[in-house]
Amino acid sequence: MNLLEARDVSVRFGSFTAVDKVSVNVGPGERVGLIGPNGAGKSSLFAALSGFEDAGGGTIRFNGRDVTGYGPVRRARAGLGRTFQVPKEFAHLSVRENLMTAAPSQAGESLLSLLFAASRVARQEKEIGAEADSHLEFLNIAHVANESAVRLSGGQKKLLELGRVLMTGPKLILLDEPFAGVNPVLIGEISDRIRELSGQGISVLIVEHNLNALSQLVDRLYVMDRGRIMAEGKPDEVLASDIVREAYMGGVA
Amino acid sequence: MEAYLIAIAVYALVYLLMGLGLNLHYGFTGLINFGHVGFFAIGAYASCLLTLAGYPMPLGFALALLLPALAAIPIGYLSLRLRSDYLAIVTLGFSEVVRLAIINEKWLTNGVQGVPGIPDVAQGFGLPVSGSVAALIVLLIANALAIALVYRLTRSPFGRAIQAIRDDEEAVRALGKDPGSFKIRVFMIGASLAGLAGAIYGHYITYITPEQFLPLVTFYVWVAIILGGAGKVSGTIVGTLALMTFLEGSRFLRDLLPGVSEVEMASVRLFVIGLALILLVRFRPSGIMGDWTSGGTQR
Amino acid sequence: MKNLQMNRRHVLAGLGTTAALATVGLPVKHARAAGSPAMIGALNPVSGAGSAYGSGMQKAIIMAAEEINAAGGAAGQMIEVIGEDTQTSPEAAVNAAKKLVEVNNVGAILGTWSSGVTLAVMPITTAAGVPLMCTSGAPAISTEDKADLVWRFQATNDRFGRAFAKIADREGYKTAATMAFNNASGIGNTEGFKKSWGGEIVGDVVYEPKRPSYRSELQQVMASNPDVIVMGSYLPDTTIILREWFQLGGKNKWIIPGWAANDKLVEALGAEVCEGVISVESVSNESAESYAHFDKGYQAATGSPASSNVYAAMTYDMMIVWGLAMAAAGEGADSAAVNAKLRDVGNPDGAEVYTFADGVEALKSGPINYQGASSRLDFDEYGDVTPDFGMSVIKDGKIERVAVVSI
Amino acid sequence: MTVAYLMNLAVNGAVEGLLVGLLALAVTLVFGVARFPNASAGDVAMVGAYSGWLLQSAIVSLGPLSLVFAGVTAMASAALVSLALYWLVFRALSGRVGVYALIASIGAAFVLRSVVTFFLGHDQQVFAVPLTRALSIGPLRVLPIDLWVGAIALAAMVCVFVILRMTAMGRRMRAIADNPQLAMVSGIPAARTMSGLWLMAGALSGLAGCLLGLKTVIAPEMGWDLLLPAFAATILGSVGNPLGAVIGGVIIGIAQEVSTPFVGFTYKIAIGFVVMLLVLLVRPEGLFVARARVR
């Protein structure tokens, strides 16, 4: 049974069709890749899947429920987390605070419990803090925990976003170019982390231009061009096919 | 001599209470609220009219906290749908609509004739001191509580969430949190603080008219929080003191410029205040204490 | 262009010096011994809605103080005038009043203009026992003045309204409409008129200030085509309304307060528009010698005639009357003692005097009745003057007194 | 309360709206390109009105021609003051959040007003112009001055529209409006383009000030009082859209005046803001989002 089933999802900006009746699916714990040249509509598809854009007549089912009508907040609560192509860190909060903010249903966010249940809030803060620390270790950015997020490098900001989405306890994470601006050594580490996540049953759909890093990481690969899925299958088969070569190398629209 | 300093202290503490509310809106949550004087006016008229109708002053203060909060709900909702510079003009419109309503509803507010003979704070709380000293005491307490409340709020998960909204609202949505409920609650708290400031101001000055609640008051509160450093409680405090120094200090410029006649003095004062605004925004944009972007994670 | 970053120390230092200058600037508390000058506060609307009158009012006070000092001062004390601007806003006026009372230790505050400002300042001056003299019209000022410390040199608005009613009857108008500037004095005038006029009120508009046009308000009033339109207004709005009325071919008559229908209105609109407009003002004592004396001095000080700013004559009288009361109360008298003497200086059966110098002279031999430049200055039980009203009509650009109406 | 009565109210509202729209034109240009509501626009207009009046009173003998010169002087002086404000105050703030420039513009407004009141005092001034009777067009009674206000406002709108759409300077302004960083990087002479913008905004404000002075009186606070309606019109017509600014002004003007028989003359001002609010609830970006807008 698929965790995510998107059918005929379309995204239009005025007269321009960025995503044209695209269907994709991701199984539980599965690692799926999505590649395509710039402007193929990958980020627009992510926006539709995460609820920031309308599904344009298509349907999106997640974890057995039809979430087409859900906004980004309800979809995230249902376990469909995402990161952004350009990192959207909380610039003037510390890295640790960035992660702690993401923890769901915090008593400390209700004014009543803040004033009348201070001890419960304090206790929960410790738990959330510990959880954040573990993720920071997991992504080995613990050494910058107290830095203002704005001062991080591009790669570190990507890790911060990953850590943040993990705090929400997602079932599926839409990773938008996790390796962009990240040094090769770190790419290996991030790949291992992602493999461990899927080991814990968390599936990922990854948009990435670093084809060889991606092909070693994912079980399945979609190729997208001019708003449509051109091919799908095992990474090595798909990469060898002429469709990909044409989309990437020659005859690019 | 001291009574004048008390008067200036009361004037400063009223602006500080409003500043703490507005700093919560803009400094911590990024909400550009240019209608703060609207909440100030609602609080002033609520408490003064209620106490004139014979109800005890504490009840008047309670209403001065409640009504602005209720008025803030629709505006909180609007802040979700509108871009921040649009929100600035819409809230400016809100404060003008409040003022026009006060002018027009003569049956309730006595309109432009204003409300004279309002019981002062000493009478209201049975304090054996003069009206202005009583106002000063009540204002010191109110500001202390407000500062404690703001510190408590901004250091809690709630505080983290609203600052996250300030830094990137879209990312907050992607993490499964609804900015709406936070923004509306922040608007309500800030509005209540402004309402309380209005109530104490009304009972201090014992005569209120619609022309005391013009947009200029909102501009002055904005200057205070930006001058001191938005997003920092210490910034609001220092900013309010700096604002008072300009507003009242320029009153004594005449003693330094003997050649200028009284009549031209008004123009010189306006010139000094205007120039000060430009210079400080130009050369010290992040405020005297540095705003939320320049400090570490210290609030 | 490198951004010249002032670091925190510079800014705090800058603020520190401003605050220090502020305290240095505060004169030490004056002992009211003879010889040290008597401090008088001139709290006038130099900016804001009353700005057209504030500077003239302040100059008139200074002029009167110079006259008193030239005659050797009052009760041995020279007068020093401290000017402050109310900005025609109650909030700013309250702080200015506090400063005058507490820092400058003024014996009296003269010349608040708008009713809102006077009502806001009264609690402060009354609490400090400092007399306040104003030119505001709101009736509430009399009822709120419980300590008899507030003196009004202008007729109350409802008295103006009654004068308008008498003039409307005199002219035989049957139907009237009112247009009121939406503030305490504007509405006070038209309400006073409506209460005391026997004829039919066919229209009643209250308009907001500072509008780019008053066409719609005029349209409503002219639709009820009244014989006369009675105004409670100020110069800027009256200029716009009359201009638009004329251009719309209006034929009605107008009754307008003198502070709005004066030479400046004729200068702005020309004689043809203002032809036949009735201007009503509390009668300045034009016939009195003191008015001529004041007019000469005012023209020298401001370059415009006394008739262009009727409030200036009032503030001039305030200073003169206070000086005379100081002389009557004798050396070292405090404000309360001087305040008590105010009625004696203007009581009807005293010797009539027209200048400060004559007054001081005549005081030696008994009670005096100072005839002010603005009015006879006979205060009623509320401390309000009860002037008569002059009805003037504008004929080819000239404002000619036609009759005097007493209430 | 006949239809003619309402139509006259609508005409009054439209004329007032065009006057507000003219100032809103200047506001929307700066708001769209420099991304902040310029609170000094009103006082720049006031400076234009005063300079126009100063010149006109000197050459009254030339009759109506003196008004044309007055208008040109008003536009020129206001444009120069506006340019000076850009170079002295706003240029250094271009990188910062809009709120800072807004507060600096409030400071600039105070400075301009204090200089004018220091030298020219607080008394009201008036353009020396012969008064003409209203024209009757069917049931409508229209003042000649109002026709001039309407014609000039529409002409100004068309000029701005043409400049933005057809000229190189206009294209550069729209580029800066769309993406300031990208524009800077791609070699657009920002200083020259922004100077052109502020000159144009200043000239429009000066024109608005002059017409307002002609229609009413010239006083120190005339510009400040026109600012709030101009902001509302700018927002209603979508920030950065010259067409929207004028039409926004007209819509608010008509709504205000036509509402007077129902809500009275005080609440009519509130109606302006309520109309803006209702439109924003339906279209958070204002009426004219796409097409001819600077941003």
# chains A, B, ... in the order shown; residues from 1 in each chain; ligands from 1

call {"tool": "residues_around", "arguments": {"residues": "Thr59 (chain A)", "least_positions_apart": "4", "cutoff": "12 Å", "atoms": "only C-alpha atoms", "output": "VMD selection string"}}
result
chain A and resid 4 to 10 21 to 25 48 to 49 51 54 to 55 65 to 70

call {"tool": "select_by_dssp", "arguments": {"residues": "region 33-134 of chain C", "states": "strand (DSSP E)", "output": "list in words"}}
result
Ala38, Met39, Ile40, Gly41, Ala42, Leu43, Asn44, Ile79, Glu80, Val81, Ile82, Gly83, Glu84, Asp85, Ala108, Ile109, Leu110, Gly111, Thr112, Leu132, Met133 and Cys134 of chain C

call {"tool": "closest_residue", "arguments": {"among": "D:Val160, D:Ile103, D:Ile254, D:Leu9", "to": "chain C", "atoms": "only C-alpha atoms"}}
result
D:Leu9

call {"tool": "select_by_dssp", "arguments": {"residues": "region 29-121 of chain A", "states": "alpha helix (DSSP H)", "output": "PyMOL selection string"}}
result
chain A and resi 42-49+72-77+95-102+111-116+118-121

call {"tool": "residues_around", "arguments": {"residues": "Asp219 (chain A)", "least_positions_apart": "2", "cutoff": "7 Å", "atoms": "only C-alpha atoms", "output": "ChimeraX atom specification"}}
result
/A:30-32,217,234

call {"tool": "write_last_selection", "arguments": {"atoms": "C-alpha atoms", "output": "PDB file, in the first residue's frame"}}
result
ATOM      1  CA  GLU A  30      10.991   3.810   0.357  1.00  0.00           C
ATOM      2  CA  ARG A  31      13.630   6.216  -1.032  1.00  0.00           C
ATOM      3  CA  VAL A  32      12.516   7.769  -4.336  1.00  0.00           C
ATOM      4  CA  LEU A 217      20.771   6.468  -2.496  1.00  0.00           C
ATOM      5  CA  LYS A 234      15.530   1.731 -11.257  1.00  0.00           C
TER       6      LYS A 234
END

call {"tool": "residues_around", "arguments": {"residues": "Leu228 (chain D)", "least_positions_apart": "6", "cutoff": "12 Å", "atoms": "only C-alpha atoms", "output": "PyMOL selection string"}}
result
(chain B and resi 34+88-97+214-215) or (chain C and resi 211) or (chain D and resi 20-21+23-24+27+37-42+222+234-235+249+252+269-270+272-273+276)

call {"tool": "write_last_selection", "arguments": {"atoms": "C-alpha atoms", "output": "short mmCIF file (atom, residue, chain, number, x, y, z; two decimals), in the first residue's frame"}}
result
data_model
loop_
_atom_site.label_atom_id
_atom_site.label_comp_id
_atom_site.auth_asym_id
_atom_site.auth_seq_id
_atom_site.Cartn_x
_atom_site.Cartn_y
_atom_site.Cartn_z
CA PHE B 34 0.04 51.28 12.67
CA ALA B 88 0.22 48.98 8.09
CA ILE B 89 -2.26 51.11 6.15
CA VAL B 90 -5.28 48.98 7.16
CA THR B 91 -4.42 49.28 10.86
CA LEU B 92 -3.89 53.04 10.38
CA GLY B 93 -7.42 53.09 8.97
CA PHE B 94 -8.68 51.11 11.98
CA SER B 95 -7.41 53.74 14.45
CA GLU B 96 -9.03 56.54 12.40
CA VAL B 97 -12.35 54.64 12.29
CA LEU B 214 -4.53 60.97 16.51
CA PRO B 215 -2.13 58.79 14.40
CA ARG C 211 -11.63 68.40 3.94
CA VAL D 20 -6.34 62.34 -3.72
CA GLY D 21 -5.45 60.09 -6.67
CA LEU D 23 -1.02 62.50 -4.63
CA ALA D 24 -1.57 58.71 -4.54
CA VAL D 27 2.90 57.65 -3.26
CA PRO D 37 4.88 54.30 2.14
CA ASN D 38 6.40 57.79 1.76
CA ALA D 39 4.86 59.94 4.52
CA SER D 40 6.72 63.06 3.29
CA ALA D 41 4.74 63.13 0.01
CA GLY D 42 2.04 65.34 1.60
CA MET D 222 -2.64 70.81 4.00
CA THR D 234 -2.67 53.49 -3.17
CA ILE D 235 -3.50 50.27 -1.37
CA GLY D 249 -8.86 57.49 -5.18
CA ILE D 252 -13.01 56.00 -2.31
CA ILE D 269 -14.27 59.44 6.15
CA ALA D 270 -14.54 56.02 7.77
CA GLY D 272 -13.15 55.33 2.66
CA PHE D 273 -11.23 52.93 4.90
CA MET D 276 -10.48 49.63 1.14
#

call {"tool": "residues_around", "arguments": {"residues": "region 193-202 of chain D", "least_positions_apart": "5", "cutoff": "9 Å", "atoms": "only C-alpha atoms", "output": "ChimeraX atom specification"}}
result
/D:23,25-30,33-34,41,44-45,48,75-87,91,160,169-170,172-173,176,188,207

call {"tool": "interface_residues", "arguments": {"of": "chain D", "to": "chain C", "cutoff": "8 Å", "atoms": "only C-alpha atoms", "output": "PyMOL selection string"}}
result
chain D and resi 9+12+16+92+122-126+128+131-134+141+143+212+215-217+222+225-226+257+260+265-266

call {"tool": "write_last_selection", "arguments": {"atoms": "N, CA and C atoms", "output": "mmCIF file, in the first residue's frame"}}
result
data_model
loop_
_atom_site.group_PDB
_atom_site.id
_atom_site.type_symbol
_atom_site.label_atom_id
_atom_site.label_comp_id
_atom_site.auth_asym_id
_atom_site.auth_seq_id
_atom_site.Cartn_x
_atom_site.Cartn_y
_atom_site.Cartn_z
ATOM 1 N N LEU D 9 -23.509 64.336 -5.795
ATOM 2 C CA LEU D 9 -22.607 63.841 -4.746
ATOM 3 C C LEU D 9 -21.494 63.006 -5.377
ATOM 4 N N ASN D 12 -18.971 65.206 -6.910
ATOM 5 C CA ASN D 12 -18.106 65.803 -5.860
ATOM 6 C C ASN D 12 -17.060 64.780 -5.426
ATOM 7 N N GLU D 16 -12.917 64.991 -5.733
ATOM 8 C CA GLU D 16 -12.062 64.870 -4.539
ATOM 9 C C GLU D 16 -11.145 63.658 -4.711
ATOM 10 N N ALA D 92 20.274 56.042 1.468
ATOM 11 C CA ALA D 92 21.078 55.160 2.345
ATOM 12 C C ALA D 92 20.192 54.105 2.999
ATOM 13 N N HIS D 122 2.132 80.708 10.058
ATOM 14 C CA HIS D 122 1.056 79.705 10.094
ATOM 15 C C HIS D 122 -0.219 80.180 9.387
ATOM 16 N N ASP D 123 -0.224 81.472 8.955
ATOM 17 C CA ASP D 123 -1.497 81.973 8.407
ATOM 18 C C ASP D 123 -1.825 81.283 7.093
ATOM 19 N N GLN D 124 -3.128 81.283 6.762
ATOM 20 C CA GLN D 124 -3.535 80.639 5.487
ATOM 21 C C GLN D 124 -3.227 81.590 4.337
ATOM 22 N N GLN D 125 -2.876 81.044 3.199
ATOM 23 C CA GLN D 125 -2.663 81.868 1.997
ATOM 24 C C GLN D 125 -3.639 81.382 0.935
ATOM 25 N N VAL D 126 -3.847 82.235 -0.061
ATOM 26 C CA VAL D 126 -4.801 81.855 -1.119
ATOM 27 C C VAL D 126 -4.241 82.285 -2.475
ATOM 28 N N ALA D 128 -4.444 84.082 -5.870
ATOM 29 C CA ALA D 128 -5.283 85.207 -6.331
ATOM 30 C C ALA D 128 -5.872 84.798 -7.677
ATOM 31 N N LEU D 131 -13.090 84.292 -9.256
ATOM 32 C CA LEU D 131 -14.016 83.176 -9.021
ATOM 33 C C LEU D 131 -14.987 83.069 -10.196
ATOM 34 N N THR D 132 -15.208 81.870 -10.621
ATOM 35 C CA THR D 132 -16.103 81.692 -11.774
ATOM 36 C C THR D 132 -17.326 80.900 -11.322
ATOM 37 N N ARG D 133 -18.430 81.149 -11.990
ATOM 38 C CA ARG D 133 -19.672 80.464 -11.612
ATOM 39 C C ARG D 133 -19.598 78.992 -11.994
ATOM 40 N N ALA D 134 -20.407 78.201 -11.336
ATOM 41 C CA ALA D 134 -20.443 76.759 -11.654
ATOM 42 C C ALA D 134 -21.128 76.579 -13.015
ATOM 43 N N ARG D 141 -24.010 70.247 -11.326
ATOM 44 C CA ARG D 141 -23.401 71.587 -11.149
ATOM 45 C C ARG D 141 -21.911 71.346 -10.932
ATOM 46 N N LEU D 143 -17.893 72.812 -10.887
ATOM 47 C CA LEU D 143 -17.042 74.010 -10.854
ATOM 48 C C LEU D 143 -15.936 73.866 -11.894
ATOM 49 N N LEU D 212 -4.628 71.462 -4.912
ATOM 50 C CA LEU D 212 -5.333 71.491 -3.631
ATOM 51 C C LEU D 212 -5.382 72.925 -3.105
ATOM 52 N N LYS D 215 -7.956 74.841 -4.948
ATOM 53 C CA LYS D 215 -9.332 74.456 -4.624
ATOM 54 C C LYS D 215 -9.687 74.855 -3.189
ATOM 55 N N THR D 216 -8.686 74.846 -2.322
ATOM 56 C CA THR D 216 -9.011 75.165 -0.920
ATOM 57 C C THR D 216 -8.138 76.343 -0.490
ATOM 58 N N VAL D 217 -7.330 76.154 0.527
ATOM 59 C CA VAL D 217 -6.414 77.223 0.962
ATOM 60 C C VAL D 217 -5.031 76.601 1.152
ATOM 61 N N MET D 222 -1.760 71.268 5.089
ATOM 62 C CA MET D 222 -2.640 70.805 3.998
ATOM 63 C C MET D 222 -2.176 69.465 3.438
ATOM 64 N N ASP D 225 -2.804 66.363 5.824
ATOM 65 C CA ASP D 225 -4.211 65.940 5.920
ATOM 66 C C ASP D 225 -4.636 65.118 4.700
ATOM 67 N N LEU D 226 -3.899 65.252 3.577
ATOM 68 C CA LEU D 226 -4.297 64.503 2.371
ATOM 69 C C LEU D 226 -3.609 63.140 2.320
ATOM 70 N N GLU D 257 -18.674 60.310 -0.627
ATOM 71 C CA GLU D 257 -19.671 61.381 -0.771
ATOM 72 C C GLU D 257 -21.077 60.808 -0.922
ATOM 73 N N THR D 260 -22.890 59.979 2.268
ATOM 74 C CA THR D 260 -23.207 61.012 3.280
ATOM 75 C C THR D 260 -24.702 61.075 3.640
ATOM 76 N N PHE D 265 -21.775 63.176 7.801
ATOM 77 C CA PHE D 265 -20.535 63.774 7.257
ATOM 78 C C PHE D 265 -19.300 63.395 8.073
ATOM 79 N N THR D 266 -19.497 62.762 9.223
ATOM 80 C CA THR D 266 -18.298 62.348 9.981
ATOM 81 C C THR D 266 -17.880 60.956 9.550
#

call {"tool": "decode", "arguments": {"residues": "region 280-310 of chain C", "atoms": "N, CA and C atoms", "output": "compact mmCIF listing (two decimals), in the first residue's frame"}}
result
# COMPACT_ATOMS: atom_id res chain seq x y z
N VAL C 280 -20.37 88.48 13.34
CA VAL C 280 -20.74 88.78 14.73
C VAL C 280 -19.54 88.53 15.63
N GLU C 281 -19.20 89.51 16.43
CA GLU C 281 -18.04 89.38 17.30
C GLU C 281 -18.39 90.00 18.66
N SER C 282 -17.83 89.42 19.72
CA SER C 282 -18.08 90.11 21.01
C SER C 282 -17.42 91.47 20.86
N VAL C 283 -18.14 92.47 21.24
CA VAL C 283 -17.71 93.83 20.91
C VAL C 283 -16.38 94.17 21.56
N SER C 284 -15.39 94.36 20.70
CA SER C 284 -14.16 94.94 21.26
C SER C 284 -14.52 96.37 21.62
N ASN C 285 -13.83 96.82 22.59
CA ASN C 285 -14.15 98.16 23.06
C ASN C 285 -13.63 99.22 22.07
N GLU C 286 -14.05 99.06 20.76
CA GLU C 286 -13.42 99.96 19.77
C GLU C 286 -13.48 101.41 20.22
N SER C 287 -14.62 101.74 20.85
CA SER C 287 -14.74 103.16 21.23
C SER C 287 -13.73 103.49 22.33
N ALA C 288 -13.34 102.46 23.10
CA ALA C 288 -12.48 102.76 24.26
C ALA C 288 -11.09 103.16 23.80
N GLU C 289 -10.50 104.01 24.55
CA GLU C 289 -9.14 104.51 24.31
C GLU C 289 -8.16 103.34 24.36
N SER C 290 -8.47 102.36 25.24
CA SER C 290 -7.53 101.23 25.42
C SER C 290 -7.43 100.44 24.11
N TYR C 291 -8.56 100.36 23.36
CA TYR C 291 -8.52 99.61 22.10
C TYR C 291 -7.58 100.30 21.11
N ALA C 292 -7.72 101.64 21.03
CA ALA C 292 -6.86 102.40 20.09
C ALA C 292 -5.39 102.22 20.50
N HIS C 293 -5.18 102.32 21.81
CA HIS C 293 -3.80 102.19 22.35
C HIS C 293 -3.24 100.82 21.95
N PHE C 294 -4.09 99.77 22.15
CA PHE C 294 -3.67 98.39 21.83
C PHE C 294 -3.44 98.24 20.33
N ASP C 295 -4.40 98.79 19.53
CA ASP C 295 -4.31 98.64 18.07
C ASP C 295 -2.98 99.18 17.55
N LYS C 296 -2.57 100.33 18.08
CA LYS C 296 -1.30 100.97 17.63
C LYS C 296 -0.14 100.01 17.96
N GLY C 297 -0.13 99.54 19.20
CA GLY C 297 0.99 98.67 19.62
C GLY C 297 1.00 97.37 18.83
N TYR C 298 -0.21 96.79 18.58
CA TYR C 298 -0.30 95.49 17.90
C TYR C 298 0.18 95.62 16.46
N GLN C 299 -0.21 96.74 15.81
CA GLN C 299 0.24 96.94 14.42
C GLN C 299 1.76 97.02 14.38
N ALA C 300 2.33 97.72 15.38
CA ALA C 300 3.81 97.86 15.43
C ALA C 300 4.43 96.47 15.60
N ALA C 301 3.81 95.65 16.48
CA ALA C 301 4.43 94.36 16.81
C ALA C 301 4.22 93.35 15.69
N THR C 302 3.03 93.38 15.04
CA THR C 302 2.75 92.26 14.11
C THR C 302 2.53 92.74 12.67
N GLY C 303 2.33 94.02 12.50
CA GLY C 303 2.13 94.50 11.13
C GLY C 303 0.71 94.29 10.64
N SER C 304 -0.17 93.72 11.45
CA SER C 304 -1.58 93.62 10.98
C SER C 304 -2.49 94.28 12.04
N PRO C 305 -3.68 94.73 11.61
CA PRO C 305 -4.54 95.49 12.52
C PRO C 305 -5.13 94.60 13.63
N ALA C 306 -5.51 95.21 14.74
CA ALA C 306 -6.07 94.47 15.88
C ALA C 306 -7.32 93.71 15.46
N SER C 307 -8.08 94.28 14.50
CA SER C 307 -9.34 93.63 14.11
C SER C 307 -9.09 92.29 13.44
N SER C 308 -7.85 92.04 12.99
CA SER C 308 -7.61 90.76 12.28
C SER C 308 -7.49 89.61 13.28
N ASN C 309 -7.28 89.91 14.57
CA ASN C 309 -7.13 88.83 15.56
C ASN C 309 -7.75 89.30 16.87
N VAL C 310 -9.08 89.08 16.99
CA VAL C 310 -9.81 89.61 18.15
C VAL C 310 -9.28 88.97 19.44
